[in-house]
Every structure is written in C-alpha cells, then in structure tokens.
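See below for my_file17.txt, which holds compact mmCIF, C-alpha atoms.
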# COMPACT_ATOMS: atom_id res chain seq x y z
CA MET B 254 -25.32 4.72 -27.09
CA LEU B 255 -23.83 1.45 -28.21
CA THR B 256 -26.33 -1.24 -29.13
CA THR B 257 -26.13 -4.60 -27.42
CA ALA B 258 -24.85 -6.19 -30.62
CA GLY B 259 -22.24 -3.48 -31.08
CA ARG B 260 -21.13 -3.85 -27.50
CA GLY B 261 -20.84 -7.60 -27.96
CA ARG B 262 -18.59 -7.15 -31.00
CA GLN B 263 -16.47 -4.66 -29.04
CA GLU B 264 -16.15 -7.13 -26.15
CA GLN B 265 -15.10 -9.91 -28.53
CA LEU B 266 -12.43 -7.65 -30.05
CA SER B 267 -11.20 -6.72 -26.57
CA ILE B 268 -10.81 -10.40 -25.71
CA MET B 269 -8.77 -10.99 -28.89
CA LEU B 270 -6.50 -8.06 -28.08
CA SER B 271 -6.25 -9.23 -24.48
CA ASP B 272 -5.09 -12.69 -25.57
CA TYR B 273 -2.46 -11.12 -27.82
CA GLY B 274 -1.31 -8.85 -24.98
CA ARG B 275 -1.14 -11.76 -22.52
CA GLY B 276 1.12 -13.66 -24.88
CA ARG B 277 3.46 -10.69 -25.17
CA LEU B 278 3.55 -10.19 -21.39
CA LEU B 279 4.34 -13.87 -20.75
CA ALA B 280 7.14 -13.75 -23.32
CA TYR B 281 8.60 -10.66 -21.63
CA ALA B 282 8.34 -12.40 -18.24
CA ASP B 283 10.35 -15.37 -19.54
CA SER B 284 13.00 -13.00 -20.88
CA PHE B 285 13.36 -11.27 -17.51
CA ARG B 286 13.68 -14.62 -15.72
CA GLU B 287 16.43 -15.70 -18.14
CA LEU B 288 18.30 -12.45 -17.55
CA SER B 289 18.02 -12.94 -13.80
CA ARG B 290 19.46 -16.45 -14.00
CA SER B 291 22.36 -15.24 -16.13
CA TYR B 292 23.34 -12.51 -13.64
CA ARG B 293 22.86 -14.47 -10.44
CA GLY B 294 25.86 -16.19 -8.89
CA ASP B 295 27.72 -16.97 -5.67
CA PHE B 296 29.94 -14.49 -3.88
CA SER B 297 33.34 -16.05 -4.49
CA CYS B 298 35.12 -14.26 -1.64
CA GLY B 299 32.38 -15.28 0.76
CA LYS B 300 32.46 -18.94 -0.34
CA GLY B 301 36.14 -19.73 -0.59
CA GLY B 302 37.78 -16.74 1.05
CA PRO B 303 39.66 -13.90 -0.68
CA ARG B 304 41.75 -14.83 -3.68
CA GLU B 305 45.50 -14.65 -3.23
CA GLY B 306 46.86 -11.14 -3.49
CA MET B 307 43.51 -9.40 -3.01
CA SER B 308 43.54 -6.36 -0.74
CA ARG B 309 40.78 -5.60 1.73
CA GLN B 310 39.57 -2.80 -0.55
CA GLN B 311 39.35 -5.21 -3.49
CA VAL B 312 37.37 -7.70 -1.40
CA LEU B 313 34.93 -4.97 -0.38
CA GLU B 314 34.56 -3.81 -3.98
CA GLU B 315 33.89 -7.36 -5.16
CA ARG B 316 31.34 -7.78 -2.39
CA ARG B 317 29.67 -4.55 -3.43
CA LEU B 318 29.57 -5.69 -7.07
CA TRP B 319 27.99 -9.01 -6.04
CA GLU B 320 25.34 -7.26 -3.96
CA ASN B 321 24.48 -4.97 -6.88
CA ARG B 322 24.12 -8.00 -9.14
CA GLN B 323 21.83 -9.67 -6.61
CA ALA B 324 19.73 -6.50 -6.40
CA LEU B 325 19.46 -6.44 -10.21
CA CYS B 326 18.40 -10.10 -10.20
CA ASP B 327 15.78 -9.36 -7.56
CA ASN B 328 14.35 -6.57 -9.72
CA LEU B 329 14.28 -8.77 -12.82
CA ASP B 330 12.54 -11.57 -10.92
CA GLU B 331 9.99 -9.16 -9.49
CA MET B 332 9.29 -7.70 -12.94
CA SER B 333 8.69 -11.18 -14.33
CA GLN B 334 6.21 -11.87 -11.51
CA ILE B 335 4.42 -8.58 -12.17
CA MET B 336 4.02 -9.50 -15.84
CA ASP B 337 2.78 -12.99 -14.98
CA ARG B 338 0.20 -11.47 -12.64
CA LEU B 339 -0.96 -8.91 -15.20
CA ALA B 340 -1.26 -11.62 -17.84
CA ALA B 341 -3.56 -13.58 -15.52
CA GLU B 342 -5.92 -10.64 -14.86
CA VAL B 343 -9.24 -10.73 -16.64
CA PHE B 344 -11.68 -7.81 -16.70
CA ARG B 345 -15.20 -8.61 -17.81
CA LEU B 346 -17.51 -5.85 -19.03
CA THR B 347 -21.23 -6.57 -18.57
CA PRO B 348 -23.93 -4.29 -20.02
CA LEU B 349 -26.52 -2.89 -17.62
CA PRO B 350 -30.11 -4.06 -18.13
CA ALA B 351 -31.77 -1.99 -20.87
CA ARG B 352 -34.21 -0.35 -18.46
CA GLU B 353 -31.45 0.85 -16.09
CA GLU B 354 -29.30 1.96 -19.02
CA LYS B 355 -32.08 4.17 -20.42
CA LEU B 356 -32.92 5.51 -16.97
CA VAL B 357 -29.32 6.59 -16.31
CA ALA B 358 -28.79 8.02 -19.81
CA ARG B 359 -32.03 10.05 -19.65
CA ALA B 360 -31.34 11.43 -16.16
CA LEU B 361 -27.77 12.48 -16.97
CA LYS B 362 -28.81 14.02 -20.29
CA GLN B 363 -31.14 16.35 -18.39
CA GLU B 364 -28.05 17.51 -16.47
CA GLY B 365 -26.11 18.21 -19.67
CA ILE B 366 -24.10 14.98 -19.65
CA THR B 367 -24.06 12.69 -22.67
CA VAL B 368 -23.57 8.98 -21.88
CA LEU B 369 -21.93 7.06 -24.71
CA ASP B 370 -21.71 3.71 -22.93
CA ILE B 371 -22.36 2.25 -19.48
CA PHE B 372 -21.32 -1.14 -18.10
CA TYR B 373 -20.51 -3.17 -15.01
CA ILE B 374 -16.84 -4.08 -14.50
CA ASP B 375 -15.94 -7.37 -12.85
CA GLN B 376 -12.40 -6.69 -11.62
CA PRO B 377 -9.91 -9.37 -10.64
CA ALA B 378 -9.42 -9.70 -6.88
CA GLN B 379 -6.35 -7.94 -5.52
CA ASP B 380 -4.38 -10.11 -3.11
CA GLU B 381 -2.98 -7.97 -0.32
CA GLY B 382 -1.30 -10.89 1.41
CA ILE B 383 -4.13 -11.88 3.74
CA GLN B 384 -3.06 -15.21 5.12
CA GLY B 385 -4.87 -17.80 7.17
CA MET B 386 -8.32 -16.90 5.87
CA GLU B 387 -10.73 -19.60 4.82
CA ASP B 388 -12.61 -17.47 2.29
CA THR B 389 -9.94 -15.64 0.28
CA GLU B 390 -12.39 -14.73 -2.48
CA SER B 391 -14.69 -13.09 0.06
CA ALA B 392 -11.77 -11.29 1.67
CA ASN B 393 -10.70 -9.74 -1.64
CA ARG B 394 -14.18 -8.72 -2.83
CA THR B 395 -14.21 -5.02 -3.66
CA GLY B 396 -17.88 -4.31 -4.34
CA MET B 397 -19.61 -3.30 -7.54
CA THR B 398 -17.85 -1.12 -10.12
CA ILE B 399 -19.69 0.78 -12.86
CA GLY B 400 -17.99 2.41 -15.83
CA LEU B 401 -19.50 5.32 -17.75
CA HIS B 402 -18.05 6.56 -21.02
CA MET B 403 -19.39 10.11 -21.24
CA LEU B 404 -18.76 13.80 -21.77
CA THR B 405 -20.38 17.04 -20.67
CA GLN B 406 -21.72 19.87 -22.78
CA ARG B 407 -19.80 23.14 -22.98
CA MET B 408 -20.15 25.52 -20.01
CA VAL B 409 -21.84 22.84 -17.90
CA GLY B 410 -19.69 21.77 -14.95
CA HIS B 411 -20.39 18.62 -12.96
CA GLY B 412 -18.19 16.81 -10.48
CA SER B 413 -17.78 13.04 -10.71
CA GLN B 414 -19.09 12.71 -7.14
CA GLU B 415 -22.31 14.48 -8.23
CA VAL B 416 -22.73 11.81 -10.89
CA ALA B 417 -22.05 9.13 -8.25
CA ASP B 418 -24.83 10.59 -6.09
CA MET B 419 -27.26 10.51 -9.02
CA LEU B 420 -26.30 6.91 -9.84
CA SER B 421 -26.85 5.93 -6.21
CA VAL B 422 -30.43 7.17 -6.39
CA LEU B 423 -31.15 5.75 -9.85
CA LEU B 424 -29.65 2.29 -9.22
CA GLY B 425 -30.40 1.91 -5.53
CA ARG B 426 -26.72 1.46 -4.61
CA ARG B 427 -24.42 3.58 -2.47
CA LEU B 428 -21.79 4.62 -5.02
CA ILE B 429 -18.79 6.94 -4.88
CA ALA B 430 -16.40 8.17 -7.57
CA SER B 431 -13.27 6.05 -7.88
CA VAL B 432 -10.06 7.70 -6.70
CA THR B 433 -8.66 7.05 -10.20
CA SER B 434 -11.37 9.09 -11.95
CA PRO B 435 -11.04 12.83 -12.64
CA ARG B 436 -12.90 15.12 -10.22
CA GLN B 437 -14.75 16.94 -12.99
CA ILE B 438 -16.65 15.59 -16.01
CA GLU B 439 -14.82 16.98 -19.03
CA GLU B 440 -16.00 18.16 -22.44
CA ARG B 441 -14.01 15.48 -24.21
CA GLU B 442 -14.96 11.81 -24.06
CA GLY B 443 -13.66 9.87 -21.11
CA THR B 444 -14.35 6.79 -19.02
CA TYR B 445 -15.25 7.36 -15.36
CA LEU B 446 -15.43 4.65 -12.72
CA PHE B 447 -17.88 4.53 -9.82
CA VAL B 448 -17.46 1.99 -7.04
CA GLU B 449 -19.69 0.74 -4.28
CA GLU B 450 -19.15 2.73 -1.10
CA PRO B 451 -17.02 0.73 1.38
CA ARG B 452 -18.65 -0.48 4.54
CA PHE B 453 -15.93 0.87 6.81
CA VAL B 454 -14.71 4.44 7.25
CA VAL B 455 -11.29 5.28 8.70
CA LEU B 456 -10.43 8.45 10.61
CA SER B 457 -6.77 9.13 11.31
CA GLY B 458 -4.87 11.14 13.86
CA SER B 459 -1.19 11.80 14.51
CA ALA B 460 1.18 13.28 17.06
CA ARG B 461 4.92 13.88 16.65
CA ALA B 462 7.93 15.03 18.63
CA VAL B 463 11.36 15.87 17.22
CA LYS B 464 14.53 14.71 18.95
CA GLU B 465 16.21 17.23 21.23
CA ASN B 466 18.57 19.65 19.45
CA GLU B 467 17.09 18.72 16.05
CA THR B 468 14.71 20.74 13.90
CA VAL B 469 13.54 18.00 11.50
CA SER B 470 12.07 14.59 12.33
CA GLY B 471 13.61 11.50 10.75
CA ASP B 472 10.15 9.85 10.81
CA ASN B 473 7.73 10.26 7.92
CA TYR B 474 4.37 8.72 7.09
CA SER B 475 1.92 8.52 4.22
CA ILE B 476 -1.69 7.38 3.68
CA ILE B 477 -2.72 5.93 0.30
CA GLN B 478 -6.22 4.93 -0.82
CA SER B 479 -6.65 2.62 -3.80
CA ASP B 480 -9.60 2.27 -6.16
CA ARG B 481 -10.24 -1.27 -4.84
CA GLY B 482 -11.14 -0.37 -1.30
CA TRP B 483 -7.71 -0.63 0.30
CA LEU B 484 -6.34 2.06 2.60
CA THR B 485 -2.60 1.70 3.18
CA VAL B 486 -0.71 3.55 5.90
CA LEU B 487 3.10 3.73 5.66
CA LEU B 488 5.41 4.80 8.48
CA SER B 489 9.18 4.98 7.93
CA ASP B 490 11.92 5.77 10.46
CA GLY B 491 15.17 6.93 8.87
CA MET B 492 18.49 5.77 10.32
CA GLY B 493 19.80 8.32 12.78
CA CYS B 494 18.10 11.69 13.06
CA GLY B 495 17.83 15.10 11.44
CA GLU B 496 17.65 16.04 7.78
CA LYS B 497 19.59 13.01 6.51
CA ALA B 498 17.26 10.57 8.27
CA SER B 499 14.24 12.53 7.07
CA ALA B 500 15.46 12.44 3.46
CA GLU B 501 16.03 8.68 3.66
CA SER B 502 12.61 7.86 5.13
CA SER B 503 11.00 10.20 2.58
CA GLN B 504 12.79 8.34 -0.21
CA VAL B 505 11.37 5.03 1.01
CA LEU B 506 7.83 6.43 1.20
CA ASP B 507 8.12 8.04 -2.23
CA MET B 508 9.13 4.75 -3.86
CA MET B 509 6.43 2.80 -2.02
CA GLU B 510 3.74 5.34 -2.96
CA LYS B 511 4.62 5.23 -6.65
CA MET B 512 4.62 1.43 -6.75
CA LEU B 513 1.38 0.99 -4.82
CA GLU B 514 -0.39 3.65 -6.88
CA ALA B 515 0.83 1.86 -10.03
CA GLY B 516 -0.91 -1.31 -8.81
CA PHE B 517 2.03 -3.32 -7.45
CA GLU B 518 1.21 -5.76 -4.68
CA THR B 519 2.54 -4.62 -1.31
CA ASP B 520 4.97 -7.52 -0.85
CA MET B 521 6.39 -6.97 -4.32
CA ALA B 522 6.76 -3.23 -3.73
CA VAL B 523 8.65 -3.85 -0.46
CA SER B 524 11.00 -6.28 -2.18
CA LEU B 525 11.72 -3.86 -5.03
CA VAL B 526 12.40 -0.99 -2.64
CA ASN B 527 14.77 -3.19 -0.65
CA SER B 528 16.63 -4.13 -3.84
CA ALA B 529 16.85 -0.49 -4.91
CA LEU B 530 18.32 0.56 -1.57
CA LEU B 531 20.87 -2.28 -1.70
CA ALA B 532 22.17 -0.94 -5.01
CA SER B 533 22.18 2.75 -4.10
CA GLY B 534 24.85 3.13 -1.42
CA ASP B 535 27.23 6.09 -1.63
CA ALA B 536 31.01 5.99 -2.07
CA SER B 537 31.56 5.43 1.64
CA GLY B 538 29.32 2.35 1.59
CA ARG B 539 26.50 4.04 3.51
CA ARG B 540 23.05 2.81 2.57
CA ASN B 541 19.54 3.93 3.26
CA MET B 542 18.53 1.49 6.02
CA SER B 543 15.17 2.93 7.03
CA THR B 544 12.46 0.91 8.73
CA LEU B 545 9.07 0.44 7.10
CA ASP B 546 5.80 -0.13 8.94
CA ILE B 547 2.76 -0.97 6.79
CA CYS B 548 -0.89 -1.28 7.73
CA SER B 549 -3.29 -2.20 4.90
CA LEU B 550 -7.03 -2.01 5.59
CA ASN B 551 -9.72 -3.55 3.40
CA LEU B 552 -12.58 -1.09 3.81
CA TYR B 553 -15.13 -3.49 2.30
CA GLN B 554 -14.39 -6.50 4.47
CA GLY B 555 -12.96 -4.89 7.60
CA MET B 556 -9.65 -6.73 7.37
CA CYS B 557 -6.29 -5.33 8.42
CA VAL B 558 -2.89 -6.62 7.28
CA PHE B 559 0.28 -5.63 9.14
CA ARG B 560 3.77 -5.82 7.64
CA LYS B 561 6.94 -4.71 9.39
CA VAL B 562 10.46 -4.31 8.06
CA GLY B 563 12.51 -3.56 11.15
CA ALA B 564 9.63 -1.50 12.55
CA ALA B 565 8.37 -1.12 16.12
CA ALA B 566 5.31 -2.93 17.46
CA SER B 567 1.79 -1.78 16.61
CA PHE B 568 -1.30 -2.19 18.77
CA LEU B 569 -4.91 -3.11 18.01
CA LYS B 570 -7.44 -1.79 20.52
CA SER B 571 -10.95 -3.26 20.62
CA ASN B 572 -12.87 -1.81 23.57
CA SER B 573 -10.67 -2.53 26.59
CA TYR B 574 -8.74 -5.39 24.91
CA VAL B 575 -5.38 -4.49 23.39
CA GLU B 576 -3.27 -6.79 21.20
CA GLN B 577 0.37 -6.18 20.39
CA ILE B 578 1.39 -6.81 16.75
CA SER B 579 5.11 -7.53 16.30
CA LEU B 580 7.12 -9.15 13.53
CA PRO B 581 10.85 -9.96 13.43
CA GLY B 582 13.17 -8.53 10.81
CA LEU B 583 15.85 -6.03 9.89
CA PRO B 584 15.42 -2.61 8.24
CA LEU B 585 15.46 -2.17 4.47
CA GLY B 586 18.69 -2.09 2.49
CA ILE B 587 20.57 -4.75 4.47
CA LEU B 588 19.84 -8.21 3.09
CA ALA B 589 20.34 -9.22 -0.54
CA ALA B 590 18.53 -12.19 -2.03
CA GLY B 591 20.51 -15.39 -1.59
CA GLU B 592 22.48 -13.95 1.33
CA ASP B 593 20.15 -15.17 4.05
CA GLN B 594 16.99 -16.78 2.74
CA ASP B 595 15.35 -17.08 6.17
CA ALA B 596 15.94 -13.44 7.02
CA GLN B 597 15.02 -12.39 3.48
CA GLY B 598 11.69 -14.14 3.96
CA THR B 599 10.80 -11.74 6.78
CA LEU B 600 10.24 -9.07 4.11
CA ARG B 601 7.09 -10.97 3.13
CA GLN B 602 5.79 -11.83 6.60
CA SER B 603 2.40 -10.43 7.53
CA VAL B 604 -0.24 -10.63 10.24
CA SER B 605 -3.95 -10.19 9.45
CA ARG B 606 -6.78 -9.32 11.80
CA GLU B 607 -10.53 -8.78 11.40
CA LEU B 608 -11.79 -5.38 12.51
CA ILE B 609 -15.15 -4.32 13.89
CA ASP B 610 -16.84 -0.99 14.57
CA ASN B 611 -14.88 1.33 16.92
CA ASP B 612 -11.60 -0.58 16.67
CA TYR B 613 -8.37 1.42 16.74
CA VAL B 614 -5.01 0.67 15.15
CA ILE B 615 -2.03 2.40 16.78
CA MET B 616 1.28 2.61 14.90
CA MET B 617 4.45 4.24 16.22
CA SER B 618 8.16 4.70 15.58
CA ASP B 619 10.67 3.03 17.89
CA GLY B 620 11.46 6.33 19.65
CA VAL B 621 8.05 6.09 21.34
CA LEU B 622 8.59 2.67 22.90
CA ASP B 623 12.24 3.41 23.73
CA ALA B 624 11.05 6.33 25.85
CA LEU B 625 9.07 3.81 27.96
CA ARG B 626 12.12 1.75 28.91
CA GLU B 627 11.76 2.63 32.61
CA SER B 628 8.07 1.70 32.54
CA GLY B 629 8.24 -1.59 30.66
CA TYR B 630 8.26 -0.72 26.94
CA GLU B 631 5.30 -2.45 25.16
CA ASP B 632 3.72 -3.60 28.43
CA ALA B 633 3.41 0.01 29.60
CA MET B 634 1.79 1.00 26.31
CA ILE B 635 -0.70 -1.87 26.48
CA GLN B 636 -1.66 -1.00 30.05
CA TYR B 637 -2.25 2.65 29.15
CA LEU B 638 -4.29 1.76 26.04
CA GLU B 639 -6.46 -0.67 27.99
CA GLY B 640 -7.59 2.15 30.27
CA MET B 641 -8.08 4.63 27.47
CA ARG B 642 -11.67 5.44 26.56
CA GLU B 643 -12.73 5.68 22.92
CA GLN B 644 -11.89 9.09 21.53
CA HIS B 645 -11.26 10.82 18.24
CA PRO B 646 -8.00 9.46 16.75
CA ASP B 647 -6.34 12.89 16.87
CA GLU B 648 -7.11 13.23 20.57
CA MET B 649 -5.90 9.69 21.24
CA ALA B 650 -2.59 10.34 19.46
CA ARG B 651 -1.99 13.55 21.43
CA ASN B 652 -2.84 11.87 24.75
CA LEU B 653 -0.54 8.94 23.97
CA LEU B 654 2.35 11.29 23.21
CA GLN B 655 1.75 13.20 26.44
CA PHE B 656 1.78 9.91 28.37
CA VAL B 657 5.10 8.91 26.79
CA LEU B 658 6.66 12.30 27.54
CA ARG B 659 5.58 12.05 31.17
CA CYS B 660 7.21 8.61 31.42
CA SER B 661 10.45 9.97 29.93
CA GLN B 662 10.33 13.04 32.22
CA GLY B 663 10.04 15.29 29.20
CA ARG B 664 13.23 14.06 27.52
CA ILE B 665 13.03 13.38 23.78
CA MET B 666 16.01 11.17 23.01
CA ASP B 667 14.73 10.08 19.60
CA ASP B 668 12.11 11.17 17.08
CA MET B 669 8.60 10.08 18.06
CA THR B 670 5.63 9.56 15.74
CA ILE B 671 2.26 8.10 16.75
CA LEU B 672 -0.49 7.30 14.23
CA VAL B 673 -3.99 6.30 15.33
CA LEU B 674 -6.54 4.86 12.89
CA GLY B 675 -10.16 4.68 14.04
CA VAL B 676 -12.28 2.14 12.13
CA PHE B 677 -16.04 2.77 12.01
CA ASP B 678 -18.85 0.74 10.44
CA SER B 679 -20.94 3.10 8.26
CA HIS B 680 -23.77 0.52 8.05
CA ARG B 681 -24.51 0.71 11.78
How does this structure look as structure tokens?
Amino acid sequence: MLTTAGRGRQEQLSIMLSDYGRGRLLAYADSFRELSRSYRGDFSCGKGGPREGMSRQQVLEERRLWENRQALCDNLDEMSQIMDRLAAEVFRLTPLPAREEKLVARALKQEGITVLDIFYIDQPAQDEGIQGMEDTESANRTGMTIGLHMLTQRMVGHGSQEVADMLSVLLGRRLIASVTSPRQIEEREGTYLFVEEPRFVVLSGSARAVKENETVSGDNYSIIQSDRGWLTVLLSDGMGCGEKASAESSQVLDMMEKMLEAGFETDMAVSLVNSALLASGDASGRRNMSTLDICSLNLYQGMCVFRKVGAAASFLKSNSYVEQISLPGLPLGILAAGEDQDAQGTLRQSVSRELIDNDYVIMMSDGVLDALRESGYEDAMIQYLEGMREQHPDEMARNLLQFVLRCSQGRIMDDMTILVLGVFDSHR
C-alpha cells in the first residue's frame, strides 16, 4: 500500500505532468484553429456566379471542392474544441480515510486480491447539452467514483462486480463496476473503477417492420452506456430503403458509437459525423443523408435530452399525459458550415425534460408516423398513448406497431422502427 506521504508526492507529480500536458494540448488546439482559418473561404461561384468559360461540370466540381474544404475546416475546429475541453478537465485523487482503507484491503486480501492503492476520484462534470436548467452542476453530478489499483493471485478468479458488491457492504454505498473496467480481476496490476449505482434504471423494448418487397430494414438503432451515468439511444433512418439504406444508417451509428465511447460530447460528435458525410459522397454526387434521433438519459438525475437531425417526433408518456418532442432540421450530410448558419445551428438544438418513476420515452422512425396519415399523424399517436396502460417496454412497442399496422390496413410502405424506454426509480 502507498503511504499517505508517498501518495501525496505521486499526486504532486501528476499535477506537474498534467500542467505540461495541458500546455501541449492548448498549443495543438491553436494550431488546428490556424489551419482551419487558412482553409476556410467563400464559394466563388456561389458569390459572384460562374467564371466565364466554366462548364456546368466545372462549377459542380468547384462546389464539391469547396464543400470538402468546409468539412475539413469543421473537423479542425471541432478537434481544437476537443483539445480545449480536455485541457480544462481536472481529476482529483483523494485518499480514503485510513480506517476504510485498511478495512477494504484486509477484506479483499482474504479473497485473494492484493490492493496496491485505493482512492476517491472527483471527475469533471460531463456536459450533455442540458439547457434551461438552473442547477447545471447538480444536473451533471455523476455520483461517487472509487479507484482500486490491484491484482489477484494466480488461480483465483473474481469478477469486478463481485468486488463492487464487497465494497458496497464495506463502505455502506451502493456501488457497481464501471463499464470501462474489465469484467475480471487480472493477475497483473491494473486500475479498476467503481461508481455509485445510478438512481434510475432503464428497460428498453423494440418492434420493427420492413418495407414491403424488401428483406432488410433501412432503420438501425444502438444503445450506449457511459461510465458517467449516461445512457444514450441512437436511431438512424437511412435514405431510401433496403441494403443501401441499412448500410448508410449503420455507418452513421458506427461513427457516433466510436465518438461517444471515446468521450466526445454528443453535439460535437454529431457535427463531426455531419462533416464526414459531407466529404464522403461517391462519384455520382450521392451522399449519406441519414436521419439521426438521439435520446440521452442521465441515470443519476433523471434528466432526458432529445436531439434530432431530420428525425421524426418522439413522445414522453407520464401516466396518461403525453408530450410530443419535435425539433426542426434536415438530415445529416446536407449542410456545410458557412452555407446556412441558421440551419447549421439546428444540429446543436436540444430539448431537455425531467423524468420520474414509470415515465416512458417513445422513439420512432418516420415510417411509423407516415402510416398514420389517414388518422392524423402525431395526434393519432398521442391519443393512442394517452389510453395505453403502463406495460413492459417490449409489450408497449409491439402493441404500438400493431396499432399502426391496423391504421394502415396492414400496408408497410416504409420501414418502421419503434423504441420504448421505461424509466424506473430504483430508490422507491
């Protein structure tokens, strides 16, 4: 075990290295901003018309080149912001009281686990774009985090969740293993994180229908859980239908997953994906113009943040009250920065709501609401949800799909995907 004095010297060294690293990150951020300014410029054909002697093909090629440059500038700007944000993050390591430290070390040693160090981690708050809240610090609180630097003896296997259960008893806190920690305690030294169990639990359900005469849905979805108590649900609807649309929506989800799991803020990840799609059109000029529907839930505070990039309305059901959540905007891969600043700003629009026990979030692709055109689109969905009794999310999703198919007389003119998220308070 590290002594208090030794741990203090280690913390001081970490701060020195952190200051050096922050300086490097800020210098890199300035370099990226300079590169962005050097590449950015006006579209000459759009400002003053085509130059004399230019063919239509040449105008289109110049437009394409300008859009690619704008996408590159967007990426450079976003990278500079990421580095600025990382440079501002401060992690503080606080030793546990000596009595608790000895208690934990002794108990784990009896189980064949050697604890080399144990500490509290004060993590920086992660801003998920919650707007209009008076207590932002409270909204971003993620609960207690404990780090253990440890290893297990040979032939003794323990899961990280087993250790979390032991810590919960020893420290009087409800702890779970972080999603970033390995599942098993290994024989080599490693640092494992244990976080306070979130107050809210989410159960999910889904129901899907593939467009007539197609075998593959162009809709895809993904659920991502972070180590800071955020659960993010992504739903993407590819342009058109069939395998091409499915590949395009899968591409969007794959990029979003990688960025969110790497720690990018949601708004920044959306902007980077949009820039990437702008620059990745094929020879015919076709781009990936998929929609993106995002629902981010803070499982500690019971907050929900909706973002929509050309996506259909979502619905929030609380008992018999149903609220429609809609945001304006175009799909991804259409607008370049500087082309339409007002429309570009819709990529960062969000709506936040507070959730309570037994609330339900319903997300869907536009094929679902389009099938209700004869019944009133969103109004028909609200009316049906208001009369729906609380059920398991899977059952709700299946019943909703059956309702939509009845309204469309069994015709499936577009891919349909319905996601239902049930939010439950584990402290009640």
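Going from atom CA of B:Leu356 over to atom CA of B:Leu420, you cover 9.8 Å.
Atom pair atom CA of B:Leu672 / atom CA of B:Ser524 has a distance of 24.2 Å (rounded to one decimal).
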Write out as a compact mmCIF listing (two decimals) with C-alpha atoms, in the coordinates of the input the residues lying within 6 Å of stretch 430-435 of chain B, counting only C-alpha atoms and excluding same-chain residues fewer than 4 positions away.
# COMPACT_ATOMS: atom_id res chain seq x y z
CA SER B 413 -17.78 13.04 -10.71
CA GLN B 414 -19.09 12.71 -7.14
CA ALA B 417 -22.05 9.13 -8.25
CA TYR B 445 -15.25 7.36 -15.36
CA LEU B 446 -15.43 4.65 -12.72
CA PHE B 447 -17.88 4.53 -9.82
CA VAL B 448 -17.46 1.99 -7.04
CA ASP B 480 -9.60 2.27 -6.16
Ref. answer, residues at most 9 Å from (-8.6, 11.3, 16.3) with only C-alpha atoms, as a ChimeraX atom specification
/B:456-459,644-651,673-675
Please dump the current selection as a PDB file, in the frame of the given file; keep C-alpha atoms.
ATOM      1  CA  LEU B 456     -10.430   8.450  10.610  1.00  0.00           C
ATOM      2  CA  SER B 457      -6.770   9.130  11.310  1.00  0.00           C
ATOM      3  CA  GLY B 458      -4.870  11.140  13.860  1.00  0.00           C
ATOM      4  CA  SER B 459      -1.190  11.800  14.510  1.00  0.00           C
ATOM      5  CA  GLN B 644     -11.890   9.090  21.530  1.00  0.00           C
ATOM      6  CA  HIS B 645     -11.260  10.820  18.240  1.00  0.00           C
ATOM      7  CA  PRO B 646      -8.000   9.460  16.750  1.00  0.00           C
ATOM      8  CA  ASP B 647      -6.340  12.890  16.870  1.00  0.00           C
ATOM      9  CA  GLU B 648      -7.110  13.230  20.570  1.00  0.00           C
ATOM     10  CA  MET B 649      -5.900   9.690  21.240  1.00  0.00           C
ATOM     11  CA  ALA B 650      -2.590  10.340  19.460  1.00  0.00           C
ATOM     12  CA  ARG B 651      -1.990  13.550  21.430  1.00  0.00           C
ATOM     13  CA  VAL B 673      -3.990   6.300  15.330  1.00  0.00           C
ATOM     14  CA  LEU B 674      -6.540   4.860  12.890  1.00  0.00           C
ATOM     15  CA  GLY B 675     -10.160   4.680  14.040  1.00  0.00           C
TER      16      GLY B 675
END
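Atom CA of B:Met669 lies 18.0 Å from atom CA of B:Ser579.
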